[in-house]
file model.txt (compact mmCIF, C-alpha atoms)
# COMPACT_ATOMS: atom_id res chain seq x y z
CA ARG Z 1 -23.38 12.71 14.48
CA ILE Z 2 -21.04 11.54 11.72
CA SER Z 3 -23.62 9.45 9.88
CA GLN Z 4 -26.23 12.22 9.99
CA GLN Z 5 -23.86 14.97 8.86
CA HIS Z 6 -22.20 12.90 6.16
CA ASN Z 7 -25.37 11.18 4.90
CA VAL Z 8 -23.78 7.76 5.35
CA LEU Z 9 -25.81 4.94 3.81
CA LEU Z 10 -25.13 1.34 4.80
CA LYS Z 11 -27.89 -0.44 2.88
CA SER Z 12 -25.55 -1.50 0.06
CA ALA Z 13 -23.66 -3.86 2.33
CA GLU Z 14 -26.96 -5.32 3.56
CA SER Z 15 -28.10 -6.11 0.03
CA ALA Z 16 -24.74 -7.68 -0.81
CA LYS Z 17 -24.98 -10.16 2.07
CA PRO Z 18 -28.47 -10.23 3.57
CA THR Z 19 -27.66 -12.99 6.06
CA ALA Z 20 -24.66 -11.22 7.57
CA CYS Z 21 -23.95 -7.75 8.84
CA HIS Z 22 -20.87 -5.63 8.49
CA ALA Z 23 -19.33 -3.14 10.90
CA TYR Z 24 -18.07 0.30 9.96
CA LEU Z 25 -15.91 2.42 12.24
CA LEU Z 26 -16.45 6.01 11.12
CA VAL Z 27 -13.81 8.51 12.24
CA ALA Z 28 -14.17 12.18 11.29
CA LEU Z 29 -11.42 14.78 11.61
CA GLU Z 30 -12.17 18.47 12.02
CA ALA Z 31 -9.26 20.88 11.64
CA ILE Z 32 -8.83 23.42 14.46
CA GLY Z 33 -5.59 25.28 13.91
CA SER Z 34 -2.67 22.88 14.08
CA ASP Z 35 -4.77 20.23 15.87
CA VAL Z 36 -7.86 18.22 14.96
CA ASN Z 37 -11.04 17.24 16.72
CA VAL Z 38 -11.59 13.50 16.18
CA TYR Z 39 -15.04 11.94 16.35
CA PRO Z 40 -15.60 8.14 16.43
CA GLU Z 41 -18.83 6.32 15.57
CA LEU Z 42 -19.57 2.61 15.13
CA HIS Z 43 -22.27 1.44 12.73
CA ILE Z 44 -23.50 -2.06 12.02
CA THR Z 45 -25.65 -2.76 8.97
CA GLY Z 46 -29.16 -3.63 10.00
CA THR Z 47 -28.90 -1.47 13.13
CA GLU Z 48 -30.44 1.96 12.77
CA LYS Z 49 -28.51 3.86 15.44
CA PRO Z 50 -24.77 3.99 16.15
CA VAL Z 51 -23.52 1.35 18.55
CA ARG Z 52 -21.92 2.55 21.78
CA PHE Z 53 -18.48 1.07 22.27
CA GLY Z 54 -16.80 3.25 24.89
CA ALA Z 55 -14.97 5.70 22.63
CA GLN Z 56 -15.23 9.45 23.13
CA PRO Z 57 -14.33 12.41 20.87
CA ALA Z 58 -10.83 13.74 21.36
CA THR Z 59 -8.59 16.64 20.37
CA CYS Z 60 -5.00 16.00 19.35
CA SER Z 61 -2.35 16.62 16.70
CA VAL Z 62 -2.71 14.71 13.43
CA ASP Z 63 0.27 12.49 14.24
CA LYS Z 64 -1.56 11.24 17.34
CA VAL Z 65 -4.69 10.13 15.49
CA ALA Z 66 -3.12 6.72 14.82
CA ASP Z 67 -2.94 6.12 18.60
CA LEU Z 68 -6.67 6.79 18.87
CA LEU Z 69 -7.39 4.45 15.96
CA SER Z 70 -5.44 1.68 17.68
CA GLN Z 71 -7.67 1.98 20.74
CA TRP Z 72 -10.95 2.48 18.91
CA ILE Z 73 -10.51 -0.44 16.52
CA CYS Z 74 -10.01 -2.80 19.47
CA GLN Z 75 -12.92 -1.29 21.39
CA ALA Z 76 -15.23 -1.41 18.39
CA GLU Z 77 -14.46 -5.04 17.56
CA ASP Z 78 -14.93 -6.05 21.19
CA ALA Z 79 -18.46 -4.63 20.91
CA LEU Z 80 -19.38 -6.75 17.86
CA ASP Z 81 -21.43 -9.92 18.08
CA ASP Z 82 -21.15 -13.14 16.07
CA THR Z 83 -23.43 -11.93 13.28
CA CYS Z 84 -20.86 -9.43 11.98
CA GLU Z 85 -18.83 -10.59 9.03
CA ASP Z 86 -15.32 -11.77 10.08
CA GLY Z 87 -15.48 -9.81 13.34
CA GLN Z 88 -13.55 -6.86 11.93
CA VAL Z 89 -14.52 -3.28 11.20
CA THR Z 90 -14.10 -1.42 7.94
CA LEU Z 91 -12.53 1.93 8.78
CA GLU Z 92 -13.90 5.04 7.07
CA LEU Z 93 -11.82 8.16 7.67
CA PHE Z 94 -13.54 11.47 6.92
CA LEU Z 95 -10.75 13.98 6.33
CA PRO Z 96 -10.79 17.75 5.71
CA TYR Z 97 -9.14 18.88 2.48
CA GLN Z 98 -5.92 19.79 4.31
CA TYR Z 99 -5.25 16.12 5.05
CA LEU Z 100 -6.60 14.29 1.99
CA GLU Z 101 -3.08 13.69 0.71
CA GLU Z 102 -2.07 11.90 3.92
CA ASP Z 103 -0.89 8.37 3.16
CA ILE Z 104 -3.14 6.75 5.75
CA ALA Z 105 -1.93 3.26 4.85
CA THR Z 106 1.52 4.04 6.24
CA TRP Z 107 0.30 5.23 9.65
CA ASN Z 108 1.68 3.08 12.46
CA VAL Z 109 -1.02 1.64 14.69
CA ARG Z 110 -0.94 -1.08 17.34
CA ASP Z 111 -2.81 -4.37 17.20
CA LYS Z 112 -4.51 -6.09 20.14
CA ARG Z 113 -1.12 -7.41 21.33
CA GLY Z 114 0.42 -3.96 21.30
CA ASP Z 115 2.63 -4.68 18.30
CA GLU Z 116 3.16 -1.94 15.74
CA ILE Z 117 1.68 -2.52 12.28
CA LEU Z 118 0.90 -0.36 9.26
CA LEU Z 119 -2.76 0.66 9.16
CA GLY Z 120 -3.02 -0.44 5.52
CA TRP Z 121 -2.29 -4.04 6.53
CA HIS Z 122 -4.10 -3.92 9.85
CA ARG Z 123 -7.62 -3.14 8.63
CA ARG Z 124 -9.60 -2.35 5.52
CA PHE Z 125 -10.12 1.38 5.11
CA LEU Z 126 -11.42 4.11 2.83
CA VAL Z 127 -10.74 7.84 2.86
CA ARG Z 128 -13.72 10.16 2.48
CA SER Z 129 -14.14 13.95 2.41
CA SER Z 130 -15.52 15.70 5.48
CA ASP Z 131 -15.97 19.03 3.67
CA ARG Z 132 -18.79 18.04 1.35
CA VAL Z 133 -21.45 17.89 4.06
CA ARG Z 134 -21.27 21.63 4.65
CA ASP Z 135 -22.32 22.47 1.09
CA ARG Z 136 -25.88 21.70 -0.03
CA GLN Z 137 -25.04 22.18 -3.70
CA ILE Z 138 -22.30 19.56 -3.45
CA GLN Z 139 -24.71 17.20 -1.71
CA ARG Z 140 -27.27 17.56 -4.50
CA SER Z 141 -24.63 16.97 -7.17
CA LEU Z 142 -23.24 14.00 -5.27
CA LYS Z 143 -26.65 12.32 -5.18
CA SER Z 144 -26.94 12.70 -8.96
CA ARG Z 145 -23.42 11.35 -9.55
CA TRP Z 146 -24.11 8.46 -7.18
CA LYS Z 147 -26.99 7.34 -9.39
CA LYS Z 148 -24.59 7.34 -12.35
CA LEU Z 149 -22.11 5.30 -10.35
CA GLU Z 150 -24.84 2.78 -9.57
CA ALA Z 151 -25.63 2.57 -13.29
CA CYS Z 152 -21.93 1.92 -14.02
CA VAL Z 153 -21.85 -0.84 -11.44
CA GLU Z 154 -24.95 -2.40 -13.02
CA ALA Z 155 -23.47 -2.13 -16.54
CA LYS Z 156 -20.00 -3.20 -15.34
CA ASN Z 157 -18.30 -0.37 -17.25
CA ALA Z 158 -17.00 1.93 -14.50
CA GLY Z 159 -13.48 1.91 -15.92
CA ASP Z 160 -14.77 3.37 -19.19
CA GLN Z 161 -17.04 5.95 -17.57
CA PHE Z 162 -14.54 7.38 -15.06
CA HIS Z 163 -12.77 10.51 -16.31
CA LEU Z 164 -9.12 9.83 -17.16
CA GLN Z 165 -6.84 12.76 -16.29
CA LYS Z 166 -3.20 12.43 -17.35
CA ASP Z 167 -1.84 15.66 -15.87
CA CYS Z 168 -2.74 18.22 -13.25
CA PRO Z 169 -4.19 21.43 -14.77
CA SER Z 170 -2.18 24.50 -13.85
CA GLU Z 171 -5.21 26.69 -13.19
CA LYS Z 172 -7.38 26.35 -10.11
CA GLY Z 173 -10.87 25.17 -11.07
CA ALA Z 174 -9.83 23.65 -14.41
CA LEU Z 175 -10.11 20.06 -13.16
CA ARG Z 176 -13.48 20.75 -11.59
CA SER Z 177 -14.68 22.23 -14.88
CA LEU Z 178 -13.65 19.08 -16.76
CA LEU Z 179 -15.40 16.82 -14.24
CA ASP Z 180 -18.53 18.99 -14.26
CA ASP Z 181 -18.75 19.05 -18.06
CA LYS Z 182 -18.42 15.26 -18.36
CA GLU Z 183 -20.61 14.55 -15.30
CA SER Z 184 -18.33 11.62 -14.59
CA PRO Z 185 -19.11 9.21 -11.73
CA GLY Z 186 -15.39 9.09 -10.84
CA LEU Z 187 -11.84 10.16 -11.57
CA LYS Z 188 -8.76 8.19 -12.60
CA PHE Z 189 -5.84 10.57 -12.12
CA VAL Z 190 -2.72 9.00 -13.60
CA GLY Z 191 -0.55 12.11 -13.54
CA GLN Z 192 1.87 13.33 -10.91
CA LEU Z 193 0.56 15.34 -7.99
CA PRO Z 194 1.85 18.94 -7.95
CA THR Z 195 4.99 19.45 -5.89
CA ASP Z 196 3.73 22.88 -4.81
CA ALA Z 197 1.65 22.57 -1.61
CA VAL Z 198 -0.88 25.22 -2.66
CA LYS Z 199 -1.47 23.58 -6.04
CA ARG Z 200 -1.87 20.17 -4.37
CA THR Z 201 -4.50 21.67 -2.08
CA ASP Z 202 -6.27 23.24 -5.07
CA PHE Z 203 -6.25 19.82 -6.78
CA PHE Z 204 -8.10 18.20 -3.88
CA LYS Z 205 -10.50 21.14 -3.54
CA ASP Z 206 -11.46 20.72 -7.19
CA ILE Z 207 -12.19 17.03 -6.61
CA ILE Z 208 -14.31 17.85 -3.54
CA ASP Z 209 -16.29 20.60 -5.29
CA ALA Z 210 -16.89 18.44 -8.38
CA ALA Z 211 -18.81 16.02 -6.12
CA ILE Z 212 -17.57 12.84 -7.76
CA PRO Z 213 -18.23 9.73 -5.65
CA ILE Z 214 -14.81 8.11 -6.18
CA ALA Z 215 -11.38 9.50 -7.08
CA LEU Z 216 -8.24 7.42 -7.63
CA TRP Z 217 -4.67 8.74 -7.70
CA SER Z 218 -1.15 7.56 -6.91
CA SER Z 219 1.46 9.18 -4.70
CA GLU Z 220 4.18 7.21 -6.52
CA MET Z 221 3.46 8.38 -10.06
CA ALA Z 222 7.06 9.49 -10.66
CA GLU Z 223 8.07 5.82 -10.66
CA LEU Z 224 5.19 4.42 -12.68
CA ASP Z 225 4.15 4.50 -16.31
CA ILE Z 226 0.78 6.11 -17.06
CA VAL Z 227 -0.46 3.10 -19.04
CA VAL Z 228 0.46 0.75 -16.19
CA LEU Z 229 -1.32 2.87 -13.58
CA GLU Z 230 -4.46 3.17 -15.70
CA ALA Z 231 -4.50 -0.61 -16.04
CA GLU Z 232 -4.12 -0.98 -12.26
CA PHE Z 233 -7.07 1.35 -11.69
CA ASP Z 234 -9.25 -0.41 -14.28
CA THR Z 235 -8.55 -3.79 -12.71
CA LEU Z 236 -9.63 -2.42 -9.34
CA LEU Z 237 -12.80 -0.89 -10.76
CA LYS Z 238 -13.79 -4.19 -12.38
CA SER Z 239 -13.01 -6.36 -9.37
CA CYS Z 240 -15.53 -5.09 -6.83
CA CYS Z 241 -18.91 -3.48 -6.21
CA LEU Z 242 -18.05 0.22 -6.03
CA THR Z 243 -21.25 1.12 -4.21
CA ASN Z 244 -20.51 -1.36 -1.41
CA PHE Z 245 -17.81 0.32 0.67
CA ALA Z 246 -16.93 -2.83 2.60
CA ASP Z 247 -16.28 -4.66 -0.67
CA LEU Z 248 -14.38 -1.69 -2.14
CA ALA Z 249 -12.14 -1.41 0.93
CA LYS Z 250 -11.49 -5.16 0.83
CA HIS Z 251 -10.38 -5.13 -2.81
CA TRP Z 252 -8.38 -1.93 -2.30
CA ARG Z 253 -6.31 -3.66 0.38
CA GLN Z 254 -5.89 -6.77 -1.76
CA LYS Z 255 -4.70 -4.61 -4.66
CA ARG Z 256 -2.17 -2.85 -2.47
CA ARG Z 257 -0.60 -6.21 -1.62
CA VAL Z 258 0.47 -6.70 -5.21
CA SER Z 259 1.03 -3.07 -6.22
CA GLU Z 260 2.95 -0.53 -4.15
CA HIS Z 261 1.72 2.32 -6.32
CA ILE Z 262 -1.96 2.58 -5.29

call {"tool": "encode", "arguments": {"input": "model.txt", "output": "structure tokens"}}
result
Amino acid sequence: RISQQHNVLLKSAESAKPTACHAYLLVALEAIGSDVNVYPELHITGTEKPVRFGAQPATCSVDKVADLLSQWICQAEDALDDTCEDGQVTLELFLPYQYLEEDIATWNVRDKRGDEILLGWHRRFLVRSSDRVRDRQIQRSLKSRWKKLEACVEAKNAGDQFHLQKDCPSEKGALRSLLDDKESPGLKFVGQLPTDAVKRTDFFKDIIDAAIPIALWSSEMAELDIVVLEAEFDTLLKSCCLTNFADLAKHWRQKRRVSEHI
């Protein structure tokens, strides 16, 4: 259900390591009032259909999603065989726009021993938008931008091609207009997120509607110099294959170990 609706492609990980497979635990959140429906799905590269691993969709408050992740990560990894790289899943969280600003890395989950640990240290993860699949125009634009991202990866110049935004435009739609005009394959936002909740929501809506494959921002911008943050982002963009989500999630976690700002 998740992979079909969100057009999830896993072939990039196959091409990166043809002799090994990689496991992705896809978890999609759907907002329903103050609660969310949560849908789990396990995919292994080289396997066409999702792998059953005992998890079922659930409905809960957002602050309970971490409890589900604790269970599902263990269940998913118990279902893996020896061909999967390092025996761990890469977590992909599909979030509606209302929750894109959630600092997922700081969620408390439990490991296989029942000990509490921050999700950002427990497993590799990426945050993705669950709203884009409902809009065909966004899907068409995303496919075009994805080709540009692949070209950047091939040319090894993603840092130069990503749009650099130093502040948050005051008008709704202004950021989307900038991203549309430049047809950028990604965004490096080195400004400070708006303090107003409505403007923050508009910021993320603009990113979603612009259909850029990758957007980078920092929740700690008030404590960090713009030049330093841009350098951090450029280092990340040069260090991994951006079209291979397992590799991107791996380098993202490594980068977080040495920088508390991303």

call {"tool": "residues_around", "arguments": {"input": "model.txt", "residues": "stretch 77-87 of chain Z", "least_positions_apart": "5", "cutoff": "10 Å", "atoms": "only C-alpha atoms", "output": "JSON, numbers by chain"}}
result
{"Z": [17, 19, 20, 21, 22, 23, 24, 25, 42, 44, 45, 51, 52, 53, 54, 72]}

call {"tool": "residues_around", "arguments": {"input": "model.txt", "residues": "Z:Arg128", "least_positions_apart": "5", "cutoff": "7 Å", "atoms": "all atoms listed in the file", "output": "PyMOL selection string"}}
result
chain Z and resi 92-95

call {"tool": "write_last_selection", "arguments": {"input": "model.txt", "atoms": "C-alpha atoms", "output": "PDB file, keeping the file's coordinate frame"}}
result
ATOM      1  CA  GLU Z  92     -13.900   5.040   7.070  1.00  0.00           C
ATOM      2  CA  LEU Z  93     -11.820   8.160   7.670  1.00  0.00           C
ATOM      3  CA  PHE Z  94     -13.540  11.470   6.920  1.00  0.00           C
ATOM      4  CA  LEU Z  95     -10.750  13.980   6.330  1.00  0.00           C
TER       5      LEU Z  95
END

call {"tool": "residues_around", "arguments": {"input": "model.txt", "residues": "Z:Pro194", "least_positions_apart": "4", "cutoff": "8 Å", "atoms": "only C-alpha atoms", "output": "number ranges by chain"}}
result
Z: 168, 199-200

call {"tool": "write_last_selection", "arguments": {"input": "model.txt", "atoms": "C-alpha atoms", "output": "mmCIF file, in the coordinates of the input"}}
result
data_model
loop_
_atom_site.group_PDB
_atom_site.id
_atom_site.type_symbol
_atom_site.label_atom_id
_atom_site.label_comp_id
_atom_site.auth_asym_id
_atom_site.auth_seq_id
_atom_site.Cartn_x
_atom_site.Cartn_y
_atom_site.Cartn_z
ATOM 1 C CA CYS Z 168 -2.740 18.220 -13.250
ATOM 2 C CA LYS Z 199 -1.470 23.580 -6.040
ATOM 3 C CA ARG Z 200 -1.870 20.170 -4.370
#

call {"tool": "atom_distance", "arguments": {"input": "model.txt", "atom1": "atom CA of Z:Ile73", "atom2": "atom CA of Z:Glu48"}}
result
20.4 Å

call {"tool": "closest_residue", "arguments": {"input": "model.txt", "among": "Z:Cys60, Z:Leu248, Z:Ile138, Z:Ala28", "to": "Z:Lys205", "atoms": "only C-alpha atoms"}}
result
Z:Ile138

call {"tool": "closest_residue", "arguments": {"input": "model.txt", "among": "Z:Ile212, Z:Ile207, Z:Ile117, Z:Val62", "to": "Z:Trp146", "atoms": "all atoms listed in the file"}}
result
Z:Ile212

call {"tool": "residues_around", "arguments": {"input": "model.txt", "residues": "Z:Ser70", "least_positions_apart": "4", "cutoff": "12 Å", "atoms": "all atoms listed in the file", "output": "list in words"}}
result
Leu25, Ala55, Lys64, Val65, Ala66, Cys74, Gln75, Ala76, Glu77, Leu91, Trp107, Asn108, Val109, Arg110, Asp111, Lys112, Arg113, Gly114, Asp115, Glu116, Ile117, Leu118, Leu119, His122 and Arg123 of chain Z

call {"tool": "atom_distance", "arguments": {"input": "model.txt", "atom1": "atom CA of Z:Ala174", "atom2": "atom CA of Z:Asp202"}}
result
10.0 Å

call {"tool": "atom_distance", "arguments": {"input": "model.txt", "atom1": "atom CA of Z:Asp103", "atom2": "atom CA of Z:Val153"}}
result
27.2 Å

call {"tool": "closest_residue", "arguments": {"input": "model.txt", "among": "Z:Gln192, Z:Ser177, Z:Asn157, Z:Gln165", "to": "Z:Ser239", "atoms": "only C-alpha atoms"}}
result
Z:Asn157

call {"tool": "closest_residue", "arguments": {"input": "model.txt", "among": "Z:Ser170, Z:Gln161, Z:Gln71, Z:Gln98", "to": "Z:Lys182", "atoms": "only C-alpha atoms"}}
result
Z:Gln161

call {"tool": "closest_residue", "arguments": {"input": "model.txt", "among": "Z:Gln56, Z:Thr195, Z:Asn37, Z:Gln88", "to": "Z:Ala246", "atoms": "only C-alpha atoms"}}
result
Z:Gln88

call {"tool": "closest_residue", "arguments": {"input": "model.txt", "among": "Z:Ala155, Z:Ile32, Z:Val38, Z:Ala105", "to": "Z:Lys238", "atoms": "all atoms listed in the file"}}
result
Z:Ala155

call {"tool": "residues_near_point", "arguments": {"input": "model.txt", "point": "(-6.8, 8.9, -9.4)", "cutoff": "8 Å", "atoms": "all atoms listed in the file", "output": "MDAnalysis selection string"}}
result
chainID Z and resid 165 187:190 215:218 233

call {"tool": "write_last_selection", "arguments": {"input": "model.txt", "atoms": "C-alpha atoms", "output": "mmCIF file, in the frame of the given file"}}
result
data_model
loop_
_atom_site.group_PDB
_atom_site.id
_atom_site.type_symbol
_atom_site.label_atom_id
_atom_site.label_comp_id
_atom_site.auth_asym_id
_atom_site.auth_seq_id
_atom_site.Cartn_x
_atom_site.Cartn_y
_atom_site.Cartn_z
ATOM 1 C CA GLN Z 165 -6.840 12.760 -16.290
ATOM 2 C CA LEU Z 187 -11.840 10.160 -11.570
ATOM 3 C CA LYS Z 188 -8.760 8.190 -12.600
ATOM 4 C CA PHE Z 189 -5.840 10.570 -12.120
ATOM 5 C CA VAL Z 190 -2.720 9.000 -13.600
ATOM 6 C CA ALA Z 215 -11.380 9.500 -7.080
ATOM 7 C CA LEU Z 216 -8.240 7.420 -7.630
ATOM 8 C CA TRP Z 217 -4.670 8.740 -7.700
ATOM 9 C CA SER Z 218 -1.150 7.560 -6.910
ATOM 10 C CA PHE Z 233 -7.070 1.350 -11.690
#

call {"tool": "decode", "arguments": {"input": "model.txt", "residues": "stretch 76-92 of chain Z", "atoms": "N, CA and C atoms", "output": "PDB file, in the first residue's frame"}}
result
ATOM      1  N   ALA Z  76      10.605  -6.426  12.168  1.00  0.00           N
ATOM      2  CA  ALA Z  76      11.108  -6.398  10.800  1.00  0.00           C
ATOM      3  C   ALA Z  76      12.484  -7.058  10.709  1.00  0.00           C
ATOM      4  N   GLU Z  77      13.361  -6.749  11.645  1.00  0.00           N
ATOM      5  CA  GLU Z  77      14.713  -7.300  11.583  1.00  0.00           C
ATOM      6  C   GLU Z  77      14.742  -8.783  11.922  1.00  0.00           C
ATOM      7  N   ASP Z  78      13.773  -9.246  12.698  1.00  0.00           N
ATOM      8  CA  ASP Z  78      13.656 -10.688  12.941  1.00  0.00           C
ATOM      9  C   ASP Z  78      13.255 -11.422  11.671  1.00  0.00           C
ATOM     10  N   ALA Z  79      12.593 -10.714  10.753  1.00  0.00           N
ATOM     11  CA  ALA Z  79      12.126 -11.345   9.514  1.00  0.00           C
ATOM     12  C   ALA Z  79      13.185 -11.365   8.416  1.00  0.00           C
ATOM     13  N   LEU Z  80      14.323 -10.682   8.626  1.00  0.00           N
ATOM     14  CA  LEU Z  80      15.352 -10.608   7.596  1.00  0.00           C
ATOM     15  C   LEU Z  80      16.192 -11.879   7.563  1.00  0.00           C
ATOM     16  N   ASP Z  81      16.746 -12.175   6.401  1.00  0.00           N
ATOM     17  CA  ASP Z  81      17.661 -13.315   6.304  1.00  0.00           C
ATOM     18  C   ASP Z  81      19.099 -12.808   6.203  1.00  0.00           C
ATOM     19  N   ASP Z  82      20.034 -13.714   6.030  1.00  0.00           N
ATOM     20  CA  ASP Z  82      21.460 -13.362   6.070  1.00  0.00           C
ATOM     21  C   ASP Z  82      21.926 -12.554   4.862  1.00  0.00           C
ATOM     22  N   THR Z  83      21.109 -12.458   3.822  1.00  0.00           N
ATOM     23  CA  THR Z  83      21.544 -11.727   2.632  1.00  0.00           C
ATOM     24  C   THR Z  83      21.387 -10.215   2.796  1.00  0.00           C
ATOM     25  N   CYS Z  84      20.647  -9.777   3.799  1.00  0.00           N
ATOM     26  CA  CYS Z  84      20.427  -8.346   3.990  1.00  0.00           C
ATOM     27  C   CYS Z  84      21.619  -7.691   4.664  1.00  0.00           C
ATOM     28  N   GLU Z  85      22.017  -6.575   4.127  1.00  0.00           N
ATOM     29  CA  GLU Z  85      23.194  -5.860   4.605  1.00  0.00           C
ATOM     30  C   GLU Z  85      23.054  -5.480   6.067  1.00  0.00           C
ATOM     31  N   ASP Z  86      23.967  -5.899   6.891  1.00  0.00           N
ATOM     32  CA  ASP Z  86      24.137  -5.647   8.324  1.00  0.00           C
ATOM     33  C   ASP Z  86      22.941  -6.017   9.193  1.00  0.00           C
ATOM     34  N   GLY Z  87      21.901  -6.623   8.617  1.00  0.00           N
ATOM     35  CA  GLY Z  87      20.784  -7.106   9.407  1.00  0.00           C
ATOM     36  C   GLY Z  87      19.896  -6.029   9.992  1.00  0.00           C
ATOM     37  N   GLN Z  88      20.055  -4.787   9.556  1.00  0.00           N
ATOM     38  CA  GLN Z  88      19.257  -3.694  10.081  1.00  0.00           C
ATOM     39  C   GLN Z  88      18.421  -3.055   8.975  1.00  0.00           C
ATOM     40  N   VAL Z  89      17.312  -2.452   9.384  1.00  0.00           N
ATOM     41  CA  VAL Z  89      16.454  -1.766   8.423  1.00  0.00           C
ATOM     42  C   VAL Z  89      16.827  -0.285   8.356  1.00  0.00           C
ATOM     43  N   THR Z  90      16.588   0.307   7.207  1.00  0.00           N
ATOM     44  CA  THR Z  90      16.591   1.758   7.077  1.00  0.00           C
ATOM     45  C   THR Z  90      15.143   2.203   7.206  1.00  0.00           C
ATOM     46  N   LEU Z  91      14.892   3.095   8.133  1.00  0.00           N
ATOM     47  CA  LEU Z  91      13.530   3.557   8.405  1.00  0.00           C
ATOM     48  C   LEU Z  91      13.196   4.744   7.507  1.00  0.00           C
ATOM     49  N   GLU Z  92      12.062   4.657   6.814  1.00  0.00           N
ATOM     50  CA  GLU Z  92      11.571   5.778   6.012  1.00  0.00           C
ATOM     51  C   GLU Z  92      10.206   6.172   6.559  1.00  0.00           C
TER      52      GLU Z  92
END
